[in-house]
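Working notes, structure below.
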Amino acid sequence: MDWGDINTYGSLASLGGIIISFLAFIAADKAKKVAKQIQDGFIFDKRIPQHLKVLDGLLSEYNEFLSDIDKNQSEIRTLLAKIKSELANLSEKIKTEEESELITSTVSKINKKSPRQFYKESESHLIHLKLKDFFKGFYLTSHKEIWNIYTSLNEIHWCVNNLKLDRKYIIK
Amino acid sequence: MISHNKLTSVLSKLNKETKKNEIKWDEPILYRNLQLNSSEELIGKIYATMFNDRHLWLFKINQQIQTDDFEFTWVPSYKLIVLDESQKIEWEFPYHRGIMDLYESVSYKVANMDSFFDSIKDDDNEEF
């Protein structure tokens with residue numbers, strides 16, 4: 001064996017080393033991702049039922065306040081602030097696109113609508129009253145919008161509850 | 001199959017119109033055709049209304065759930081069903097927490113609790 005052969009073997013060995021290191025890096029990255037998925041799944045299983053229970057209680061309160069929206073304005077505003085922080089905690093644990101988008105859009109709706117004064121839309125079909133309501137909509141929040149937020153929150157509860165049930169089914 | 005956002009919207013609409021007294025609920029006199037599973041028992045009242053020419057019934061049940069091999073527990077649940085003319089169940093709304101809110105709104109309205117609370121408030125005001 002001359003120096004030329006040793007050089008060739010050395011080069012091949014270092015090339016093999018590089019390939020093995022690269023494969024080990026990919027495997028480690030994959031393992032890290034799997035570990036993160038297991039961790040997320042564990043947090044989801046532990047925390048989602050608690051979030052759903054809290055959201056359920058807050059929505060029951062919301063439903064009571066909807067009986068008289070004008071009288072309960074400040075209570076609704078306080079409640080929406082609590083719901084917002086609950087949704088912020090919840091969204092950290094939700095990894096599915098549809099549910100995340102629903103939570104984001106509902107939070108932005110709450111941010112935009114809850115600080116404004118609430119008003120009851122006119123039930124009349126007269127054009128000037130409809131126009132008046134239309135312009136009010138730029139700086140006030142209508143009862144309809146308060147009901148829309150309630151509907152969106154119920155939608156979130158339904159979707160997250162289904163995610164929980166699906167996951168339970170997969171694990172079984 | 002009904003989509004979940006349509007279901008949520010319908011329940012919100014029913015709840016909203018109940019609160020605004022646009023839908024009137026009452027208690028059906030006869031409900032012999034209401035058939036529940038053996039693991040369900042009726043608690044409280046049944047409320048009935050007509051909505052878009054359909055008979056709707058709303059009620060609360062206790063449902064037996066198996067928690068372990070030999071352990072059972074009773075969990076309250078709410079049902080909203082559509083009936084035909086002869087009071088036979090045509091369709092049952094799937095589980096949705098909106099049904100519970102609707103039940104709370106309906107029972108509050110049927111019991112006429114608004115006037116009850118208003119009368120108590122008026123009495124207090126007279127004392128001062």
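Residues in the structure tokens are numbered from 1 in each chain, the chains being A, B, ... in the order shown, and ligands are numbered from 1 in the order shown.
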Exercise. Restrict the distance test to only C-alpha atoms, flag each residue of chain B within 7 Å of chain A, and return the flagged residues as a list in words.
Key: Asn5, Thr8, Ser9, Ser12, Lys19, His96, Gly98 and Asp101 of chain B
Now that the selection is made, can you save its residues with N, CA, C and O atoms as a CSV table (one decimal), in the first residue's frame?
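Written out: result_15.csv:
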chain,number,residue,atom,x,y,z
B,5,ASN,N,-71.1,25.5,11.4
B,5,ASN,CA,-71.3,27.0,11.5
B,5,ASN,C,-72.8,27.3,11.3
B,5,ASN,O,-73.3,28.2,11.9
B,8,THR,N,-74.5,26.4,14.6
B,8,THR,CA,-74.3,27.4,15.6
B,8,THR,C,-75.1,28.7,15.3
B,8,THR,O,-75.7,29.3,16.3
B,9,SER,N,-75.2,29.1,14.1
B,9,SER,CA,-76.0,30.2,13.7
B,9,SER,C,-77.5,30.0,14.0
B,9,SER,O,-78.2,30.9,14.5
B,12,SER,N,-78.1,30.3,17.7
B,12,SER,CA,-77.9,31.7,18.2
B,12,SER,C,-79.2,32.4,17.8
B,12,SER,O,-79.7,33.2,18.6
B,19,LYS,N,-85.1,35.6,23.4
B,19,LYS,CA,-84.8,36.7,24.3
B,19,LYS,C,-85.6,37.9,23.9
B,19,LYS,O,-86.0,38.7,24.8
B,96,HIS,N,-74.4,20.4,21.2
B,96,HIS,CA,-73.9,21.8,21.0
B,96,HIS,C,-74.2,22.6,22.3
B,96,HIS,O,-75.3,22.5,22.8
B,98,GLY,N,-74.7,25.5,22.7
B,98,GLY,CA,-75.7,26.5,22.4
B,98,GLY,C,-77.1,26.1,22.8
B,98,GLY,O,-78.0,26.9,23.2
B,101,ASP,N,-77.6,27.0,26.4
B,101,ASP,CA,-77.9,28.4,26.6
B,101,ASP,C,-79.3,28.7,26.2
B,101,ASP,O,-80.0,29.5,26.8
Quiz prompt | DSSP alpha helix (DSSP H) selection over segment 107-163 of chain A, as a PyMOL selection string | solution = chain A and resi 107-113+127-136+143-163
Quiz prompt | Shell around Lys88 of chain B at 9 Å using only C-alpha atoms, local window under 4 positions removed, as a list in words | solution = Asn33, Leu34, Gln35, Val82, Leu83 and Asp84 of chain B
Quiz item: Do you know which residues are at most 12 Å from segment 71-82 of chain A counting only C-alpha atoms, after dropping those on the same chain fewer than 2 positions away, and could you put them as JSON, numbers by chain?
Solution: {"A": [54, 55, 57, 58, 59, 60, 61, 62, 63, 64, 65, 66, 67, 68, 69, 84, 85, 86, 87, 88, 89, 106, 107, 108, 109, 110, 111, 112, 113, 114, 115, 116, 117, 118, 119, 120, 141, 142, 143, 146, 147, 149, 150, 153]}
Using the selection just defined, write its residues with N, CA and C atoms as a compact mmCIF listing (two decimals), in the first residue's frame.
# COMPACT_ATOMS: atom_id res chain seq x y z
N VAL A 54 -63.68 26.53 31.17
CA VAL A 54 -63.67 27.96 31.49
C VAL A 54 -64.48 28.73 30.44
N LEU A 55 -64.22 28.41 29.16
CA LEU A 55 -64.93 29.09 28.07
C LEU A 55 -66.44 28.84 28.16
N GLY A 57 -68.18 28.28 30.90
CA GLY A 57 -68.71 29.11 31.99
C GLY A 57 -68.85 30.57 31.57
N LEU A 58 -67.83 31.08 30.86
CA LEU A 58 -67.86 32.48 30.41
C LEU A 58 -68.98 32.71 29.40
N LEU A 59 -69.20 31.71 28.54
CA LEU A 59 -70.27 31.83 27.53
C LEU A 59 -71.66 31.78 28.18
N SER A 60 -71.80 31.01 29.25
CA SER A 60 -73.09 30.98 29.96
C SER A 60 -73.38 32.37 30.55
N GLU A 61 -72.32 32.99 31.09
CA GLU A 61 -72.47 34.35 31.65
C GLU A 61 -72.85 35.32 30.53
N TYR A 62 -72.16 35.18 29.40
CA TYR A 62 -72.41 36.04 28.23
C TYR A 62 -73.89 35.92 27.84
N ASN A 63 -74.38 34.68 27.81
CA ASN A 63 -75.77 34.42 27.44
C ASN A 63 -76.74 35.16 28.38
N GLU A 64 -76.40 35.16 29.67
CA GLU A 64 -77.27 35.87 30.63
C GLU A 64 -77.27 37.37 30.34
N PHE A 65 -76.10 37.93 30.05
CA PHE A 65 -76.00 39.37 29.79
C PHE A 65 -76.70 39.78 28.50
N LEU A 66 -76.83 38.83 27.57
CA LEU A 66 -77.49 39.15 26.30
C LEU A 66 -78.98 39.45 26.46
N SER A 67 -79.55 39.12 27.62
CA SER A 67 -80.98 39.40 27.86
C SER A 67 -81.25 40.89 27.82
N ASP A 68 -80.26 41.68 28.27
CA ASP A 68 -80.42 43.12 28.24
C ASP A 68 -79.06 43.76 27.95
N ILE A 69 -78.74 43.86 26.66
CA ILE A 69 -77.40 44.28 26.24
C ILE A 69 -77.06 45.70 26.72
N LYS A 84 -61.10 37.15 26.02
CA LYS A 84 -59.94 37.41 25.15
C LYS A 84 -58.68 36.77 25.73
N SER A 85 -58.48 36.91 27.03
CA SER A 85 -57.26 36.34 27.62
C SER A 85 -57.34 34.81 27.60
N GLU A 86 -58.55 34.27 27.75
CA GLU A 86 -58.72 32.81 27.68
C GLU A 86 -58.41 32.32 26.26
N LEU A 87 -58.86 33.09 25.28
CA LEU A 87 -58.60 32.71 23.88
C LEU A 87 -57.11 32.79 23.55
N ALA A 88 -56.43 33.79 24.15
CA ALA A 88 -54.98 33.92 23.91
C ALA A 88 -54.26 32.68 24.43
N ASN A 89 -54.65 32.20 25.62
CA ASN A 89 -54.04 30.98 26.18
C ASN A 89 -54.38 29.76 25.33
N THR A 106 -61.87 36.20 15.73
CA THR A 106 -62.80 36.55 16.82
C THR A 106 -62.14 37.54 17.78
N VAL A 107 -60.85 37.30 18.08
CA VAL A 107 -60.14 38.22 18.98
C VAL A 107 -60.07 39.61 18.37
N SER A 108 -59.80 39.68 17.06
CA SER A 108 -59.71 41.02 16.43
C SER A 108 -61.09 41.69 16.41
N LYS A 109 -62.16 40.88 16.28
CA LYS A 109 -63.52 41.42 16.33
C LYS A 109 -63.79 41.99 17.73
N ILE A 110 -63.37 41.27 18.75
CA ILE A 110 -63.58 41.74 20.14
C ILE A 110 -62.78 43.03 20.37
N ASN A 111 -61.51 43.03 19.90
CA ASN A 111 -60.66 44.22 20.07
C ASN A 111 -61.29 45.45 19.45
N LYS A 112 -61.88 45.24 18.27
CA LYS A 112 -62.44 46.37 17.53
C LYS A 112 -63.78 46.83 18.11
N LYS A 113 -64.62 45.87 18.49
CA LYS A 113 -66.01 46.21 18.83
C LYS A 113 -66.27 46.48 20.32
N SER A 114 -65.54 45.78 21.22
CA SER A 114 -65.92 45.89 22.64
C SER A 114 -65.67 47.27 23.28
N PRO A 115 -64.65 48.05 22.88
CA PRO A 115 -64.48 49.35 23.57
C PRO A 115 -65.55 50.37 23.22
N ARG A 116 -66.23 50.19 22.10
CA ARG A 116 -67.22 51.18 21.65
C ARG A 116 -68.53 51.07 22.44
N GLN A 117 -69.28 52.17 22.42
CA GLN A 117 -70.62 52.20 23.02
C GLN A 117 -71.54 51.27 22.21
N PHE A 118 -72.46 50.56 22.89
CA PHE A 118 -73.38 49.67 22.17
C PHE A 118 -74.66 50.43 21.80
N TYR A 119 -75.28 50.03 20.68
CA TYR A 119 -76.56 50.63 20.32
C TYR A 119 -77.49 49.60 19.70
N LYS A 120 -78.78 49.83 19.89
CA LYS A 120 -79.78 48.90 19.36
C LYS A 120 -80.20 49.39 17.97
N THR A 141 -71.06 50.08 18.38
CA THR A 141 -71.21 48.63 18.17
C THR A 141 -72.69 48.25 18.30
N SER A 142 -73.22 47.62 17.28
CA SER A 142 -74.65 47.27 17.30
C SER A 142 -74.89 45.99 18.13
N HIS A 143 -76.12 45.82 18.54
CA HIS A 143 -76.49 44.60 19.27
C HIS A 143 -76.23 43.37 18.41
N ILE A 146 -72.75 42.28 18.79
CA ILE A 146 -72.52 41.62 20.08
C ILE A 146 -73.00 40.16 20.00
N TRP A 147 -74.13 39.96 19.31
CA TRP A 147 -74.63 38.60 19.09
C TRP A 147 -73.69 37.82 18.17
N ILE A 149 -70.48 38.11 17.97
CA ILE A 149 -69.31 37.68 18.75
C ILE A 149 -69.69 36.43 19.56
N TYR A 150 -70.89 36.44 20.13
CA TYR A 150 -71.37 35.27 20.90
C TYR A 150 -71.40 34.03 19.99
N LEU A 153 -67.90 32.77 19.29
CA LEU A 153 -67.32 32.10 20.46
C LEU A 153 -67.89 30.69 20.62
